[in-house]
>>> print(open('entry_28.cif').read())   # mmCIF, C-alpha atoms
data_input
#
loop_
_atom_site.label_atom_id
_atom_site.label_comp_id
_atom_site.auth_asym_id
_atom_site.auth_seq_id
_atom_site.Cartn_x
_atom_site.Cartn_y
_atom_site.Cartn_z
CA MET W 1 -17.84 -60.79 1.54
CA ALA W 2 -18.05 -57.33 3.00
CA GLU W 3 -17.10 -54.56 0.64
CA LEU W 4 -14.25 -52.34 1.69
CA ALA W 5 -15.29 -48.74 2.05
CA VAL W 6 -12.67 -46.34 0.72
CA VAL W 7 -12.80 -43.05 2.54
CA SER W 8 -10.71 -40.26 1.15
CA GLU W 9 -10.52 -36.86 2.71
CA PRO W 10 -10.70 -33.85 0.44
CA SER W 11 -7.40 -32.01 0.02
CA PRO W 12 -7.26 -29.15 2.57
CA PHE W 13 -5.54 -26.93 0.01
CA GLY W 14 -7.53 -28.01 -3.05
CA VAL W 15 -4.40 -29.19 -4.89
CA THR W 16 -3.32 -32.63 -6.04
CA SER W 17 -0.73 -34.52 -4.00
CA ARG W 18 1.70 -34.18 -6.93
CA LYS W 19 1.39 -30.41 -6.90
CA LEU W 20 1.63 -30.27 -3.11
CA GLY W 21 4.76 -32.43 -3.29
CA ILE W 22 6.54 -30.16 -5.78
CA TRP W 23 5.56 -27.09 -3.71
CA MET W 24 7.04 -28.69 -0.57
CA PHE W 25 10.23 -29.32 -2.50
CA ILE W 26 10.23 -25.71 -3.70
CA VAL W 27 9.78 -24.38 -0.14
CA ALA W 28 12.71 -26.52 1.08
CA ASP W 29 14.87 -25.56 -1.89
CA ALA W 30 14.03 -21.87 -1.40
CA ALA W 31 15.37 -22.15 2.17
CA THR W 32 18.55 -23.79 0.81
CA PHE W 33 19.16 -20.98 -1.68
CA ALA W 34 18.26 -18.36 0.95
CA ALA W 35 20.86 -19.88 3.30
CA MET W 36 23.50 -19.74 0.56
CA LEU W 37 22.67 -16.15 -0.37
CA PHE W 38 22.70 -15.08 3.29
CA ALA W 39 26.06 -16.80 3.76
CA TYR W 40 27.33 -14.93 0.70
CA GLY W 41 25.95 -11.65 2.05
CA TYR W 42 27.54 -12.11 5.47
CA VAL W 43 30.90 -13.13 3.99
CA ARG W 44 30.81 -10.11 1.68
CA VAL W 45 30.01 -7.67 4.51
CA ALA W 46 32.62 -9.20 6.82
CA ASN W 47 35.47 -8.86 4.29
CA PRO W 48 36.74 -5.29 3.82
CA ASP W 49 39.10 -6.50 1.05
CA TRP W 50 36.23 -7.84 -1.07
CA THR W 51 37.02 -7.41 -4.77
CA ARG W 52 34.44 -6.51 -7.40
CA PRO W 53 35.57 -8.65 -10.31
CA PHE W 54 32.92 -8.09 -12.99
CA ALA W 55 33.11 -5.61 -15.88
CA LEU W 56 30.00 -4.45 -17.73
CA TRP W 57 31.43 -6.18 -20.80
CA PRO W 58 31.49 -9.15 -21.08
CA THR W 59 30.33 -10.48 -17.67
CA ILE W 60 27.32 -8.29 -16.83
CA ALA W 61 26.20 -8.22 -20.49
CA ASN W 62 26.40 -12.03 -20.51
CA GLY W 63 24.40 -12.09 -17.25
CA ILE W 64 21.69 -9.89 -18.80
CA LEU W 65 21.49 -12.23 -21.80
CA MET W 66 21.26 -15.25 -19.48
CA THR W 67 18.45 -13.53 -17.54
CA VAL W 68 16.48 -12.84 -20.73
CA VAL W 69 16.97 -16.45 -21.88
CA LEU W 70 15.77 -17.87 -18.54
CA LEU W 71 12.77 -15.52 -18.31
CA THR W 72 11.78 -16.46 -21.86
CA SER W 73 12.02 -20.16 -20.97
CA SER W 74 9.46 -19.54 -18.21
CA LEU W 75 7.11 -18.22 -20.87
CA THR W 76 7.67 -21.24 -23.14
CA VAL W 77 7.00 -23.70 -20.29
CA ILE W 78 3.72 -21.87 -19.56
CA ALA W 79 2.81 -22.22 -23.25
CA ALA W 80 3.57 -25.96 -22.99
CA VAL W 81 1.34 -26.42 -19.92
CA LEU W 82 -1.53 -24.40 -21.47
CA ALA W 83 -1.27 -26.39 -24.72
CA ALA W 84 -1.27 -29.70 -22.80
CA GLN W 85 -4.29 -28.66 -20.73
CA ALA W 86 -6.10 -27.75 -23.97
CA GLY W 87 -5.26 -31.20 -25.41
CA ARG W 88 -2.85 -29.83 -28.04
CA LYS W 89 -0.17 -32.47 -27.60
CA THR W 90 2.10 -31.59 -30.53
CA SER W 91 2.13 -27.94 -29.57
CA ALA W 92 2.90 -28.81 -25.92
CA LEU W 93 5.84 -30.98 -27.00
CA ARG W 94 7.20 -28.20 -29.22
CA TRP W 95 7.04 -25.69 -26.36
CA LEU W 96 8.75 -28.18 -24.04
CA GLY W 97 11.47 -28.56 -26.69
CA ALA W 98 11.86 -24.77 -26.84
CA THR W 99 12.16 -24.67 -23.03
CA MET W 100 14.87 -27.32 -23.11
CA LEU W 101 16.76 -25.42 -25.81
CA LEU W 102 16.61 -22.19 -23.81
CA GLY W 103 17.68 -24.02 -20.65
CA ALA W 104 20.60 -25.58 -22.52
CA LEU W 105 21.52 -22.14 -23.94
CA PHE W 106 21.51 -20.68 -20.41
CA ALA W 107 23.78 -23.49 -19.20
CA ALA W 108 26.12 -23.01 -22.19
CA LEU W 109 26.38 -19.24 -21.57
CA HIS W 110 27.03 -19.91 -17.89
CA LEU W 111 29.71 -22.51 -18.56
CA ARG W 112 31.38 -20.21 -21.12
CA GLU W 113 31.58 -17.55 -18.41
CA TRP W 114 32.96 -20.03 -15.88
CA ILE W 115 35.62 -21.21 -18.38
CA ALA W 116 36.64 -17.59 -19.06
CA MET W 117 36.91 -16.89 -15.31
CA ILE W 118 38.90 -20.07 -14.69
CA GLY W 119 41.16 -18.99 -17.59
CA ASP W 120 41.70 -15.67 -15.78
CA GLY W 121 42.90 -17.58 -12.71
CA TRP W 122 39.69 -17.68 -10.67
CA ARG W 123 39.20 -20.76 -8.53
CA PRO W 124 36.81 -21.51 -5.66
CA PHE W 125 39.69 -20.75 -3.28
CA ARG W 126 41.87 -18.38 -5.32
CA ASN W 127 41.38 -14.74 -6.22
CA PRO W 128 43.71 -13.60 -9.03
CA LEU W 129 42.98 -9.94 -8.16
CA GLY W 130 44.59 -10.35 -4.74
CA GLY W 131 41.56 -9.87 -2.46
CA THR W 132 39.82 -12.45 -0.35
CA PRO W 133 39.53 -15.87 -2.04
CA LEU W 134 35.96 -16.07 -0.72
CA VAL W 135 34.84 -14.10 -3.81
CA GLY W 136 35.48 -17.16 -5.98
CA ALA W 137 34.20 -19.56 -3.33
CA THR W 138 30.83 -17.83 -3.02
CA PHE W 139 30.51 -17.14 -6.76
CA PHE W 140 31.18 -20.70 -7.87
CA SER W 141 29.07 -22.27 -5.10
CA VAL W 142 25.97 -20.06 -5.51
CA THR W 143 25.99 -20.03 -9.32
CA GLY W 144 27.07 -23.68 -9.40
CA LEU W 145 24.10 -24.80 -7.31
CA HIS W 146 21.79 -22.81 -9.58
CA LEU W 147 23.42 -24.20 -12.72
CA LEU W 148 22.96 -27.71 -11.32
CA HIS W 149 19.24 -26.97 -10.93
CA VAL W 150 19.05 -25.76 -14.54
CA ILE W 151 20.84 -28.84 -15.92
CA VAL W 152 18.68 -31.20 -13.83
CA GLY W 153 15.59 -29.26 -14.97
CA VAL W 154 16.49 -29.64 -18.66
CA ILE W 155 16.99 -33.39 -18.21
CA VAL W 156 13.73 -33.84 -16.27
CA ILE W 157 11.77 -31.78 -18.82
CA GLY W 158 13.15 -34.15 -21.49
CA VAL W 159 12.04 -37.20 -19.49
CA ILE W 160 8.58 -35.68 -18.88
CA ALA W 161 8.27 -34.79 -22.59
CA LEU W 162 9.11 -38.35 -23.62
CA GLY W 163 6.64 -39.78 -21.11
CA TYR W 164 3.96 -37.32 -22.21
CA ARG W 165 4.50 -38.25 -25.86
CA ARG W 166 4.06 -41.94 -24.98
CA GLU W 167 0.99 -41.04 -22.86
CA ARG W 168 2.59 -42.24 -19.64
CA PHE W 169 2.42 -38.71 -18.24
CA ASP W 170 -0.46 -36.24 -18.25
CA PRO W 171 -0.71 -32.40 -18.25
CA GLY W 172 -0.43 -32.51 -14.42
CA HIS W 173 3.16 -33.74 -14.78
CA LEU W 174 3.91 -30.84 -17.13
CA GLU W 175 2.46 -28.43 -14.60
CA ALA W 176 4.66 -29.90 -11.85
CA ILE W 177 7.88 -29.58 -13.87
CA GLY W 178 6.70 -26.10 -14.94
CA LEU W 179 6.51 -25.07 -11.26
CA TYR W 180 10.06 -26.33 -10.71
CA TRP W 181 11.28 -24.46 -13.79
CA HIS W 182 9.66 -21.19 -12.66
CA PHE W 183 11.31 -21.63 -9.28
CA VAL W 184 14.74 -21.98 -10.94
CA ASP W 185 13.95 -18.78 -12.84
CA LEU W 186 12.83 -17.06 -9.63
CA VAL W 187 16.07 -17.95 -7.82
CA TRP W 188 18.04 -16.38 -10.66
CA MET W 189 16.09 -13.14 -10.03
CA PHE W 190 18.05 -12.97 -6.74
CA VAL W 191 21.36 -14.44 -7.91
CA PHE W 192 21.80 -12.03 -10.83
CA PRO W 193 21.47 -8.76 -8.84
CA LEU W 194 23.19 -9.97 -5.66
CA VAL W 195 26.10 -11.93 -7.14
CA TYR W 196 26.61 -10.10 -10.47
CA LEU W 197 25.33 -6.52 -10.26
CA MET W 198 26.58 -5.98 -6.68
CA ASN W 199 30.05 -6.95 -7.90
CA LEU W 200 30.28 -4.61 -10.88
CA ARG W 201 33.75 -3.11 -11.00
CA MET A 1 -1.36 -16.32 -22.77
CA LYS A 2 -1.55 -12.54 -23.19
CA ARG A 3 -1.46 -12.07 -19.39
CA TYR A 4 1.76 -14.09 -19.13
CA VAL A 5 3.42 -12.15 -21.94
CA ILE A 6 2.59 -8.91 -20.10
CA VAL A 7 4.14 -10.29 -16.87
CA TRP A 8 7.19 -11.44 -18.86
CA LEU A 9 7.61 -7.95 -20.35
CA GLY A 10 7.22 -6.48 -16.86
CA LEU A 11 9.95 -8.77 -15.53
CA LEU A 12 12.27 -7.78 -18.40
CA ALA A 13 11.58 -4.11 -17.62
CA ILE A 14 12.50 -4.69 -13.95
CA VAL A 15 15.78 -6.35 -14.99
CA ALA A 16 16.51 -3.29 -17.15
CA MET A 17 15.81 -1.04 -14.14
CA GLU A 18 18.14 -3.13 -11.97
CA VAL A 19 20.96 -2.69 -14.48
CA ALA A 20 20.24 1.05 -14.82
CA VAL A 21 20.29 1.52 -11.02
CA THR A 22 23.59 -0.39 -10.79
CA LEU A 23 25.17 1.73 -13.52
CA ALA A 24 24.19 4.90 -11.61
CA ARG A 25 26.78 3.77 -9.00
CA PRO A 26 24.87 4.46 -5.78
CA PRO A 27 26.49 3.58 -2.39
CA ALA A 28 26.63 -0.19 -1.74
CA LYS A 29 23.92 -0.19 0.95
CA LEU A 30 21.51 1.81 -1.22
CA LEU A 31 22.25 -0.40 -4.23
CA LEU A 32 21.63 -3.53 -2.17
CA ALA A 33 18.32 -2.17 -0.86
CA GLY A 34 17.22 -1.19 -4.38
CA LEU A 35 18.20 -4.51 -5.95
CA LEU A 36 16.47 -6.50 -3.20
CA PHE A 37 13.35 -4.38 -3.68
CA PHE A 38 13.31 -5.12 -7.41
CA ALA A 39 14.09 -8.82 -6.83
CA LEU A 40 11.20 -9.15 -4.38
CA ILE A 41 8.79 -7.60 -6.90
CA GLU A 42 10.05 -10.04 -9.53
CA ALA A 43 9.64 -12.95 -7.10
CA GLY A 44 6.11 -11.80 -6.27
CA LEU A 45 5.13 -11.58 -9.94
CA GLY A 46 6.69 -14.98 -10.63
CA LEU A 47 4.95 -16.64 -7.69
CA LEU A 48 1.52 -15.07 -8.27
CA TYR A 49 1.28 -15.36 -12.04
CA PHE A 50 3.85 -17.81 -13.46
CA MET A 51 3.47 -20.23 -10.54
CA HIS A 52 -0.28 -19.58 -10.28
CA LEU A 53 -0.36 -18.90 -6.53
CA LYS A 54 -2.84 -16.10 -7.26
CA TYR A 55 -5.31 -18.72 -8.48
CA GLU A 56 -4.83 -21.24 -5.67
CA ARG A 57 -6.78 -21.23 -2.41
CA ARG A 58 -5.74 -18.45 -0.04
CA SER A 59 -4.90 -21.04 2.65
CA PHE A 60 -2.44 -22.72 0.28
CA MET A 61 -0.92 -19.45 -0.93
CA TRP A 62 -0.26 -18.18 2.59
CA SER A 63 1.02 -21.54 3.84
CA VAL A 64 3.67 -21.57 1.10
CA ILE A 65 4.64 -17.91 1.46
CA LEU A 66 4.75 -17.95 5.27
CA ALA A 67 6.85 -21.12 5.33
CA VAL A 68 9.54 -19.45 3.21
CA VAL A 69 9.31 -16.08 5.00
CA ILE A 70 9.63 -17.67 8.46
CA ALA A 71 12.65 -19.73 7.35
CA VAL A 72 14.30 -16.66 5.80
CA VAL A 73 13.62 -14.43 8.84
CA LEU A 74 14.95 -17.09 11.20
CA MET A 75 18.13 -17.36 9.15
CA ASP A 76 18.66 -13.64 8.74
CA HIS A 77 17.67 -12.28 12.15
CA PHE A 78 17.79 -15.01 14.77
CA TRP A 79 21.01 -16.83 14.13
CA LEU A 80 23.63 -15.78 16.62
CA ASP A 81 26.24 -15.40 13.91
CA ALA A 82 24.10 -12.79 12.22
CA PHE A 83 24.25 -10.66 15.38
CA ARG A 84 28.01 -11.11 15.65
CA LEU A 85 28.55 -9.87 12.09
CA LEU A 86 26.08 -7.04 12.59
CA HIS A 87 28.14 -5.72 15.49
CA GLN A 88 31.35 -5.81 13.51
CA ARG A 89 30.00 -2.77 11.65
CA LEU A 90 32.19 -3.28 8.61
CA SER A 91 31.33 -1.39 5.48
CA ALA A 92 30.89 -3.35 2.28
CA PRO A 93 33.03 -2.20 -0.65
#
>>> encode(input="entry_28.cif", output="structure tokens")
Amino acid sequence: MAELAVVSEPSPFGVTSRKLGIWMFIVADAATFAAMLFAYGYVRVANPDWTRPFALWPTIANGILMTVVLLTSSLTVIAAVLAAQAGRKTSALRWLGATMLLGALFAALHLREWIAMIGDGWRPFRNPLGGTPLVGATFFSVTGLHLLHVIVGVIVIGVIALGYRRERFDPGHLEAIGLYWHFVDLVWMFVFPLVYLMNLR
Amino acid sequence: MKRYVIVWLGLLAIVAMEVAVTLARPPAKLLLAGLLFFALIEAGLGLLYFMHLKYERRSFMWSVILAVVIAVVLMDHFWLDAFRLLHQRLSAP
């Protein structure tokens, strides 16, 4: 019986298919967020009665805190990946836990802000300050899509951590979810200045 | 790990600068330009160091960056609606 010869080409980019896959997702998702931010920018420029709803306290201060929390979670996920690559499993799991806690804290701060705004009469199609209702529409859609990414990220990190603890997943899986988490952080680096700081009262 | 902590501190410093620039109350166009400048530096640091693009092959790094840049440029400069809004010449509040 003739033996089957398995021919595999070397990766043109020198990365694993898993890593290439998550990068392709990130490129596509970056285009999605760019489209939303451009739409927001055009709507803002095209509306002379645009209202700037945010005060330094509490909204911008809350946004700064959220930014610090998310940036710190990027650092903890790096610590998790480095620990996993060095074979320090317990340490990697602890850092993943810290990342999940910070992600959950970010989501909680965000939802608290949303609840306060909804309490003030803001809706996706209603502006309690009397200007264009598109302020609420763009705010809730852009920050909502980002918040969805954070919540999904926290859940997936939990799933990866469980699988890694049971040795179903390896450090490569942690690196892949780390890339996703950094991307979520990177998107916030545009959302915070464009959606929050540009709308300081 | 030390390198990442330095990048993290740098990113925090940039966020502080963004807030300081906003509180100086420059005109909207100038503020937008400044904030985008800072955001792009942050994105560059994040991509190169946190996401390790600096340590990947150059072909991979440029494929990823160019894919996003081309998509963004197409959206911002080549969509007909962008031209229509540009010619409205409305000033942002």
>>> closest_residue(input="entry_28.cif", among="A:Leu48, A:Ala33, A:Val72, A:Ile6", to="chain W", atoms="only C-alpha atoms")
A:Val72
>>> residues_around(input="entry_28.cif", residues="Glu175 (chain W)", least_positions_apart="6", cutoff="12 Å", atoms="all atoms listed in the file", output="list in words")
Val15, Thr16, Arg18, Lys19, Leu20, Ile22, Trp23, Ser74, Val77, Ile78, Ala79, Ala80, Val81, Leu82, Ala83, Ala84, Gln85, Ala92, Leu96, Ile157, Ile160, Ala161, Tyr164, Phe169, Trp181 and His182 of chain W; Phe50, Met51 and His52 of chain A
>>> closest_residue(input="entry_28.cif", among="W:Thr143, W:Asn199, W:Ser17, W:Asn62", to="chain A", atoms="all atoms listed in the file")
W:Asn199
>>> resolve_selection(input="entry_28.cif", expression="the PyMOL selection byres ((chain A and resi 25-32) around 9)", output="short mmCIF file (atom, residue, chain, number, x, y, z; two decimals) with C-alpha atoms, in the frame of the given file")
data_model
loop_
_atom_site.label_atom_id
_atom_site.label_comp_id
_atom_site.auth_asym_id
_atom_site.auth_seq_id
_atom_site.Cartn_x
_atom_site.Cartn_y
_atom_site.Cartn_z
CA PRO W 193 21.47 -8.76 -8.84
CA LEU W 194 23.19 -9.97 -5.66
CA MET W 198 26.58 -5.98 -6.68
CA VAL A 21 20.29 1.52 -11.02
CA THR A 22 23.59 -0.39 -10.79
CA LEU A 23 25.17 1.73 -13.52
CA ALA A 24 24.19 4.90 -11.61
CA ALA A 33 18.32 -2.17 -0.86
CA GLY A 34 17.22 -1.19 -4.38
CA LEU A 35 18.20 -4.51 -5.95
CA LEU A 36 16.47 -6.50 -3.20
CA PHE A 37 13.35 -4.38 -3.68
CA SER A 91 31.33 -1.39 5.48
CA ALA A 92 30.89 -3.35 2.28
CA PRO A 93 33.03 -2.20 -0.65
#
>>> atom_distance(input="entry_28.cif", atom1="CA of Phe38 (chain A)", atom2="CA of Trp188 (chain W)")
12.6 Å
>>> build_atoms(input="entry_28.cif", residues="region 31-42 of chain W", atoms="N, CA and C atoms", output="short mmCIF file (atom, residue, chain, number, x, y, z; two decimals), in the coordinates of the input")
data_model
loop_
_atom_site.label_atom_id
_atom_site.label_comp_id
_atom_site.auth_asym_id
_atom_site.auth_seq_id
_atom_site.Cartn_x
_atom_site.Cartn_y
_atom_site.Cartn_z
N ALA W 31 14.61 -22.35 0.92
CA ALA W 31 15.37 -22.15 2.17
C ALA W 31 16.85 -22.45 1.94
N THR W 32 17.14 -23.46 1.11
CA THR W 32 18.55 -23.79 0.81
C THR W 32 19.23 -22.63 0.10
N PHE W 33 18.57 -22.09 -0.94
CA PHE W 33 19.16 -20.98 -1.68
C PHE W 33 19.25 -19.72 -0.80
N ALA W 34 18.23 -19.52 0.05
CA ALA W 34 18.26 -18.36 0.95
C ALA W 34 19.46 -18.47 1.88
N ALA W 35 19.71 -19.67 2.40
CA ALA W 35 20.86 -19.88 3.30
C ALA W 35 22.16 -19.55 2.57
N MET W 36 22.26 -20.00 1.32
CA MET W 36 23.50 -19.74 0.56
C MET W 36 23.67 -18.25 0.28
N LEU W 37 22.57 -17.58 -0.06
CA LEU W 37 22.67 -16.15 -0.37
C LEU W 37 22.95 -15.34 0.90
N PHE W 38 22.38 -15.76 2.03
CA PHE W 38 22.70 -15.08 3.29
C PHE W 38 24.17 -15.28 3.64
N ALA W 39 24.65 -16.52 3.48
CA ALA W 39 26.06 -16.80 3.76
C ALA W 39 26.95 -15.91 2.90
N TYR W 40 26.58 -15.81 1.61
CA TYR W 40 27.33 -14.93 0.70
C TYR W 40 27.29 -13.49 1.18
N GLY W 41 26.10 -13.04 1.59
CA GLY W 41 25.95 -11.65 2.05
C GLY W 41 26.78 -11.38 3.29
N TYR W 42 26.77 -12.32 4.25
CA TYR W 42 27.54 -12.11 5.47
C TYR W 42 29.04 -12.10 5.18
#
